[in-house]
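What follows is a set of notes on a single structure, which appears directly below.
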Amino acid sequence: MMSQLQKIIEELLVIYIGLRFNIFSQKIIVSFADQIIYSEKNPDSLFIDISLSSKSKNEVIHHLYYYIELNKNQIDPIRVLSVLCVLKTQRKINLESIIILMNGLNIELDFNGFEKNEIYRLEDQYYLVSNKYVMQTMEELEAEISSFLNNYSMKTEILSIFK
């Protein structure tokens with residue numbers, strides 16, 4: 001049987017990277033941890049640690065890092081891209097944040113060649129478009145990124161943390 005944490009490890013990884021790059025506030029994970037503590041008889045110690053560290057973003061990052069490193073072999077890189085697809089579809093993050101998260105995930109995870117190369121290409125293209133070195137517009141690039149992420153849209157359940 002999968003624990004609550006095993007079901008959401010991909011979301012935890014996205015939050016961890018998002019916290020490091022100031023895309024998300026620790027309030028997202030702290031309020032989720034508090035909700036788990038109140039609703040479960042025996043909540044995992046990670047949720048308790050995060051709840052107790054709610055005032056310090058760095059402590060929350062530390063607890064997430066420690067848990068993710070211990071369980072990195074359980075992370076499905078494809079489900080992580082699916083989490084990004086859901087966040088983009090629900091407009092929880094903007095285009096620049098998606099690029100930053102994809103780059104951070106590309107460093108953290110072992111994507112296969114296609115995903116790794118496509119993420120690098122999209123990041124490079126974002127730089128070129130944002131600095132007006134190419135004729136492509138941001139809207140066209142956003143459509144390209146959406147097309148890439150939509151390949152992974154059916155690989156995840158409804159997100160627990162980002163409700």
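As shown in the structure tokens, the chain order sets the letters A, B, ...; within each chain, residues go from 1, and ligands are also counted from 1 in the order they appear.
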Polymer residues at most 12 Å from Ser130 of chain A, only C-alpha atoms, same-chain spacing of 3 or more positions, as a ChimeraX atom specification = /A:95-96,99,122-127,133-142
All helix (DSSP H, G or I) residues (DSSP, backbone) inside chain A, as a PyMOL selection string = chain A and resi 4-7+9-20+26-39+45-52+57-70+72-74+77-89+95-108+113-130+138-150
Could the residues in this selection be saved with C-alpha atoms as an mmCIF file, in the first residue's frame?
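The result, written out as again11.cif:
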data_model
loop_
_atom_site.group_PDB
_atom_site.id
_atom_site.type_symbol
_atom_site.label_atom_id
_atom_site.label_comp_id
_atom_site.auth_asym_id
_atom_site.auth_seq_id
_atom_site.Cartn_x
_atom_site.Cartn_y
_atom_site.Cartn_z
ATOM 1 C CA GLN A 4 0.302 9.536 1.396
ATOM 2 C CA LEU A 5 3.838 10.726 0.707
ATOM 3 C CA GLN A 6 4.520 8.145 -1.995
ATOM 4 C CA LYS A 7 1.381 9.265 -3.828
ATOM 5 C CA ILE A 9 6.284 12.686 -4.150
ATOM 6 C CA GLU A 10 6.261 14.236 -7.633
ATOM 7 C CA GLU A 11 4.272 17.196 -6.322
ATOM 8 C CA LEU A 12 6.693 17.515 -3.403
ATOM 9 C CA LEU A 13 9.587 17.658 -5.861
ATOM 10 C CA VAL A 14 7.898 20.414 -7.891
ATOM 11 C CA ILE A 15 7.219 22.365 -4.678
ATOM 12 C CA TYR A 16 10.793 21.848 -3.494
ATOM 13 C CA ILE A 17 12.220 23.289 -6.724
ATOM 14 C CA GLY A 18 9.555 26.014 -6.793
ATOM 15 C CA LEU A 19 10.480 27.082 -3.262
ATOM 16 C CA ARG A 20 14.168 27.194 -4.151
ATOM 17 C CA GLN A 26 5.925 27.811 1.698
ATOM 18 C CA LYS A 27 2.292 28.492 2.655
ATOM 19 C CA ILE A 28 1.189 25.970 -0.004
ATOM 20 C CA ILE A 29 3.023 23.044 1.550
ATOM 21 C CA VAL A 30 2.548 24.189 5.157
ATOM 22 C CA SER A 31 -1.236 24.436 4.811
ATOM 23 C CA PHE A 32 -1.282 21.027 3.091
ATOM 24 C CA ALA A 33 0.844 19.557 5.911
ATOM 25 C CA ASP A 34 -1.492 21.064 8.512
ATOM 26 C CA GLN A 35 -4.486 19.571 6.714
ATOM 27 C CA ILE A 36 -2.843 16.117 6.739
ATOM 28 C CA ILE A 37 -1.977 16.424 10.434
ATOM 29 C CA TYR A 38 -5.576 17.259 11.325
ATOM 30 C CA SER A 39 -7.138 14.589 9.116
ATOM 31 C CA SER A 45 6.823 12.932 10.331
ATOM 32 C CA LEU A 46 7.603 15.005 7.225
ATOM 33 C CA PHE A 47 4.248 16.773 7.545
ATOM 34 C CA ILE A 48 4.863 17.459 11.227
ATOM 35 C CA ASP A 49 8.367 18.790 10.504
ATOM 36 C CA ILE A 50 7.049 21.050 7.747
ATOM 37 C CA SER A 51 4.248 22.335 9.948
ATOM 38 C CA LEU A 52 6.643 23.106 12.788
ATOM 39 C CA LYS A 57 11.313 28.743 4.124
ATOM 40 C CA ASN A 58 14.830 27.313 4.352
ATOM 41 C CA GLU A 59 13.785 24.752 6.956
ATOM 42 C CA VAL A 60 10.839 23.676 4.801
ATOM 43 C CA ILE A 61 13.219 23.313 1.830
ATOM 44 C CA HIS A 62 15.597 21.293 4.020
ATOM 45 C CA HIS A 63 12.855 18.864 5.099
ATOM 46 C CA LEU A 64 11.634 18.428 1.521
ATOM 47 C CA TYR A 65 15.188 17.926 0.240
ATOM 48 C CA TYR A 66 15.914 15.272 2.840
ATOM 49 C CA TYR A 67 12.725 13.346 2.065
ATOM 50 C CA ILE A 68 13.160 13.622 -1.717
ATOM 51 C CA GLU A 69 16.788 12.461 -1.610
ATOM 52 C CA LEU A 70 15.823 9.418 0.478
ATOM 53 C CA LYS A 72 14.406 9.693 -5.284
ATOM 54 C CA ASN A 73 14.130 6.200 -6.754
ATOM 55 C CA GLN A 74 10.326 6.375 -6.388
ATOM 56 C CA PRO A 77 9.899 11.792 -14.180
ATOM 57 C CA ILE A 78 6.911 11.467 -16.511
ATOM 58 C CA ARG A 79 4.471 12.097 -13.636
ATOM 59 C CA VAL A 80 6.504 15.197 -12.733
ATOM 60 C CA LEU A 81 5.913 16.578 -16.231
ATOM 61 C CA SER A 82 2.261 15.714 -15.769
ATOM 62 C CA VAL A 83 2.196 17.814 -12.586
ATOM 63 C CA LEU A 84 3.604 20.740 -14.589
ATOM 64 C CA CYS A 85 0.964 20.195 -17.257
ATOM 65 C CA VAL A 86 -1.813 20.392 -14.665
ATOM 66 C CA LEU A 87 -0.301 23.519 -13.079
ATOM 67 C CA LYS A 88 -0.029 25.199 -16.475
ATOM 68 C CA THR A 89 -3.530 24.154 -17.531
ATOM 69 C CA LEU A 95 5.390 30.674 -18.621
ATOM 70 C CA GLU A 96 8.630 31.874 -17.035
ATOM 71 C CA SER A 97 7.963 29.751 -13.940
ATOM 72 C CA ILE A 98 7.332 26.687 -16.097
ATOM 73 C CA ILE A 99 10.671 27.200 -17.844
ATOM 74 C CA ILE A 100 12.466 27.619 -14.504
ATOM 75 C CA LEU A 101 10.777 24.515 -13.064
ATOM 76 C CA MET A 102 11.514 22.418 -16.153
ATOM 77 C CA ASN A 103 15.167 23.463 -16.016
ATOM 78 C CA GLY A 104 15.396 22.634 -12.296
ATOM 79 C CA LEU A 105 13.701 19.285 -12.863
ATOM 80 C CA ASN A 106 16.027 18.531 -15.759
ATOM 81 C CA ILE A 107 18.946 18.924 -13.355
ATOM 82 C CA GLU A 108 17.331 16.928 -10.523
ATOM 83 C CA GLY A 113 16.861 11.737 -24.079
ATOM 84 C CA PHE A 114 13.736 13.163 -25.692
ATOM 85 C CA GLU A 115 12.441 14.955 -22.582
ATOM 86 C CA LYS A 116 15.898 16.190 -21.571
ATOM 87 C CA ASN A 117 16.645 17.574 -25.039
ATOM 88 C CA GLU A 118 13.189 19.112 -25.460
ATOM 89 C CA ILE A 119 13.421 20.878 -22.091
ATOM 90 C CA TYR A 120 16.848 22.285 -23.006
ATOM 91 C CA ARG A 121 15.518 23.381 -26.407
ATOM 92 C CA LEU A 122 12.457 25.079 -24.914
ATOM 93 C CA GLU A 123 14.588 26.845 -22.314
ATOM 94 C CA ASP A 124 16.957 28.104 -25.022
ATOM 95 C CA GLN A 125 14.010 29.173 -27.159
ATOM 96 C CA TYR A 126 12.527 31.085 -24.207
ATOM 97 C CA TYR A 127 15.785 33.009 -23.843
ATOM 98 C CA LEU A 128 15.857 33.799 -27.564
ATOM 99 C CA VAL A 129 12.207 34.895 -27.687
ATOM 100 C CA SER A 130 12.365 36.954 -24.483
ATOM 101 C CA MET A 138 5.792 34.369 -26.557
ATOM 102 C CA GLU A 139 2.318 33.121 -27.465
ATOM 103 C CA GLU A 140 3.792 30.759 -30.054
ATOM 104 C CA LEU A 141 6.384 29.538 -27.580
ATOM 105 C CA GLU A 142 3.710 29.042 -24.940
ATOM 106 C CA ALA A 143 1.737 26.936 -27.423
ATOM 107 C CA GLU A 144 4.880 24.881 -28.070
ATOM 108 C CA ILE A 145 5.414 24.316 -24.350
ATOM 109 C CA SER A 146 1.759 23.422 -23.908
ATOM 110 C CA SER A 147 2.022 20.926 -26.743
ATOM 111 C CA PHE A 148 5.068 19.329 -25.095
ATOM 112 C CA LEU A 149 3.447 19.141 -21.648
ATOM 113 C CA ASN A 150 0.126 17.904 -23.037
#
